[in-house]
Amino acid sequence: SPSSGSTAEVRYDDAASAQNAATMLNGSILAGATLTVTLDTSSQDMTRLHVGNVPAGVEWQELKDHFGQCGTVAFVKTRDKGAGKGRFGKGKGGWSWVSQQAMQRQMQEMMAQMQAMQRGGKGLGGGKGADGGGLTGEVRFHRPQGALKAVKSLNGSTFKGCNIAVGLDQTSQDFTKVWVSGLPIGTDWRELKEYFATAGQVEFADSG
């Protein structure tokens with residue numbers, strides 16, 4: 001019946017966004033249906049929401065867009081009872097971990113870009129500071145999104161007057177670590193952490 005639609009799970013990057021969504025979006029309308037939105041109390045970091053009464057036929061992209069107004073959505077799992085198996089993925093009753101697929105595509109694209117840059121010798125240590133005995137360092141992010149954003153936005157940027165190069169550390173199994181070259185002598189890890197925090201939550205930074 002329309003009052004007992006499908007269920008979905010939405011996870012945010014942070015607990016504050018999840019709590020905001022539970023307040024703001026409970027009772028909101030999506031595709032003509034009134035959603036029920038509650039915090040998942042089994043979520044240790046309080047970032048996960050349980051969504052009820054999801055109307056049949058709603059795609060995960062629509063849910064992500066709807067919940068995106070309250071913060072950065074890490075992933076969405078949705079199950080349409082009327083869709084049958086495999087609509088959103090192989091087996092598992094039609095569940096889909098959409099962010100995993102998107103992340104893998106991003107990683108593949110990033111790796112291809114990095115390999116092309118290395119072959120062409122562009123942007124990887126060619127700026128001032130990299131040739132003059134600059135320091136190398138590493139930064140580890142809380143999530144892969146932060147590492148990707150750092151490579152995209154900070155590679156070739158100017159840090160304390162020096163052009164730095166930033167790339168994904170290919171030995172990092174979870175894709176959360178980047179290497180940094182061309183750092184000016186005397187760079188403190190706190191400065192490095194603060195600079196890279198513009199891309200995401202930094203777990204660890206080291207210079208020298």
# chains A, B, ... in the order shown; residues from 1 in each chain; ligands from 1
call {"tool": "residues_around", "arguments": {"residues": "range 43-46 of chain A", "least_positions_apart": "4", "cutoff": "10 Å", "atoms": "only C-alpha atoms", "output": "JSON, numbers by chain"}}
result
{"A": [11, 12, 13, 14, 15, 16, 17, 18, 19, 39]}
call {"tool": "closest_atom_pairs", "arguments": {"of": "range 22-85 of chain A", "to": "range 134-151 of chain A", "cutoff": "12 Å", "atoms": "only C-alpha atoms", "output": "tab-separated table"}}
result
residue	atom	partner	partner_atom	distance
A:Thr72	CA	A:Gln145	CA	10.9
A:Val73	CA	A:Gln145	CA	11.5
A:Ala74	CA	A:Gln145	CA	9.4
call {"tool": "residues_around", "arguments": {"residues": "range 48-53 of chain A", "least_positions_apart": "3", "cutoff": "12 Å", "atoms": "only C-alpha atoms", "output": "ChimeraX atom specification"}}
result
/A:1-23,25-45,56-58,63-64,66-67,73-81
call {"tool": "atom_distance", "arguments": {"atom1": "CA of Phe196 in chain A", "atom2": "CA of Leu154 in chain A"}}
result
7.9 Å
call {"tool": "atom_distance", "arguments": {"atom1": "CA of Gly71 in chain A", "atom2": "CA of Val180 in chain A"}}
result
29.1 Å
call {"tool": "atom_distance", "arguments": {"atom1": "CA of Lys160 in chain A", "atom2": "CA of Thr176 in chain A"}}
result
24.0 Å
call {"tool": "closest_residue", "arguments": {"among": "A:Thr47, A:Asn155, A:Ser207, A:Ser172", "to": "Thr187 in chain A", "atoms": "only C-alpha atoms"}}
result
A:Ser207
